[in-house]
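Chemist: Just dropping this structure here.
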Amino acid sequence: METVAASVNILGRTYKLRVAAEDEEALRKAADAIGTQAKNYGQMYAYNDHQDLLAMVALTQITQLTKIQDSLRYKDTTLEQRLQSIDSVLEQILHPTQNSL
C-alpha cells in the first residue's frame with residue numbers, strides 16, 4: 001500500500017498526515033466538511049474557542065455514524081433471516097422426501 005504525505009487545514013490549523021494514496025481525496029473532503037460544519041456552528045452558537053466547535057462536529061458526526069451502523073445491523077439481520085427462510089423453502093423443494101419424515 002503506497003502512502004503519500006497530505007496536509008489538510010481545519011479552522012486555520014494545518015495537519016500533516018501520511019495516508020494511503022487512495023484515501024487522500026476522502027481525507028481532503030472530510031477535512032473540508034469538518035471545517036464547513038464547524039464554521040456553521042460558529043455562526044449559530046456562542047463558543048469559547050475552536051475546540052468547542054470541533055467537539056460539536058465530532059458529536060454530530062459520530063451520532064450520524066452510530067445511526068448508520070444501527071441501520072446496517074438491522075438490515076443485515078433482516079437479510080440473514082430472509083435468506084434462511086429462502087433456504088428452508090429451497091430445501092423443501094429440492095428434498096421433499098427428507099422433509100416429510
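Identifiers in the C-alpha cells: chain A, B, ... in order shown; residue index from 1 per chain; ligand index from 1 in order shown.
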Got a sec to tell me which of chain A DSSP assigns to strand (DSSP E), as an MDAnalysis selection string?

Modeler: chainID A and resid 3:10 13:20

Chemist: Residues at most 12 Å from segment 40-56 of chain A, counting only C-alpha atoms, excluding those fewer than 3 positions away in the same chain, as a list in words?

Modeler: Ile10, Leu11, Gly12, Arg13, Ala31, Ala33, Ile34, Gly35, Thr36, Gln37, Leu59, Thr60, Gln61, Ile62 and Thr63 of chain A

Chemist: When DSSP works through the backbone of this structure, what residues of chain A end up as alpha helix (DSSP H), shown as number ranges by chain?

Modeler: A: 24-44, 50-94, 96-99

Chemist: List the spatial neighbours of segment 19-28 of chain A as a compact mmCIF listing (two decimals) with N, CA and C atoms, in the first residue's frame - criterion: any atom at most 9 Å away, only C-alpha atoms, same-chain residues fewer than 3 positions off excluded.

Modeler:
# COMPACT_ATOMS: atom_id res chain seq x y z
N MET A 1 0.86 -1.18 0.00
CA MET A 1 0.00 0.00 0.00
C MET A 1 0.90 1.23 0.00
N GLU A 2 0.73 2.03 -1.01
CA GLU A 2 1.52 3.26 -1.14
C GLU A 2 0.92 4.36 -0.26
N THR A 3 1.77 5.03 0.51
CA THR A 3 1.30 6.15 1.31
C THR A 3 1.85 7.45 0.72
N VAL A 4 1.10 8.51 0.96
CA VAL A 4 1.50 9.83 0.50
C VAL A 4 1.39 10.82 1.65
N ALA A 5 2.18 11.87 1.57
CA ALA A 5 2.08 12.94 2.56
C ALA A 5 0.93 13.85 2.16
N ALA A 6 0.11 14.18 3.13
CA ALA A 6 -1.04 15.05 2.86
C ALA A 6 -1.14 16.07 3.98
N SER A 7 -1.47 17.28 3.59
CA SER A 7 -1.71 18.34 4.56
C SER A 7 -3.14 18.83 4.39
N VAL A 8 -3.83 18.95 5.51
CA VAL A 8 -5.18 19.50 5.47
C VAL A 8 -5.26 20.63 6.47
N ASN A 9 -6.15 21.57 6.18
CA ASN A 9 -6.32 22.72 7.05
C ASN A 9 -7.74 22.71 7.59
N ALA A 31 -11.87 16.78 5.72
CA ALA A 31 -11.35 18.00 6.35
C ALA A 31 -12.19 19.20 5.94
N ASP A 32 -12.55 19.28 4.67
CA ASP A 32 -13.40 20.38 4.21
C ASP A 32 -14.77 20.35 4.89
N ALA A 33 -15.34 19.15 5.01
CA ALA A 33 -16.65 19.02 5.65
C ALA A 33 -16.58 19.41 7.12
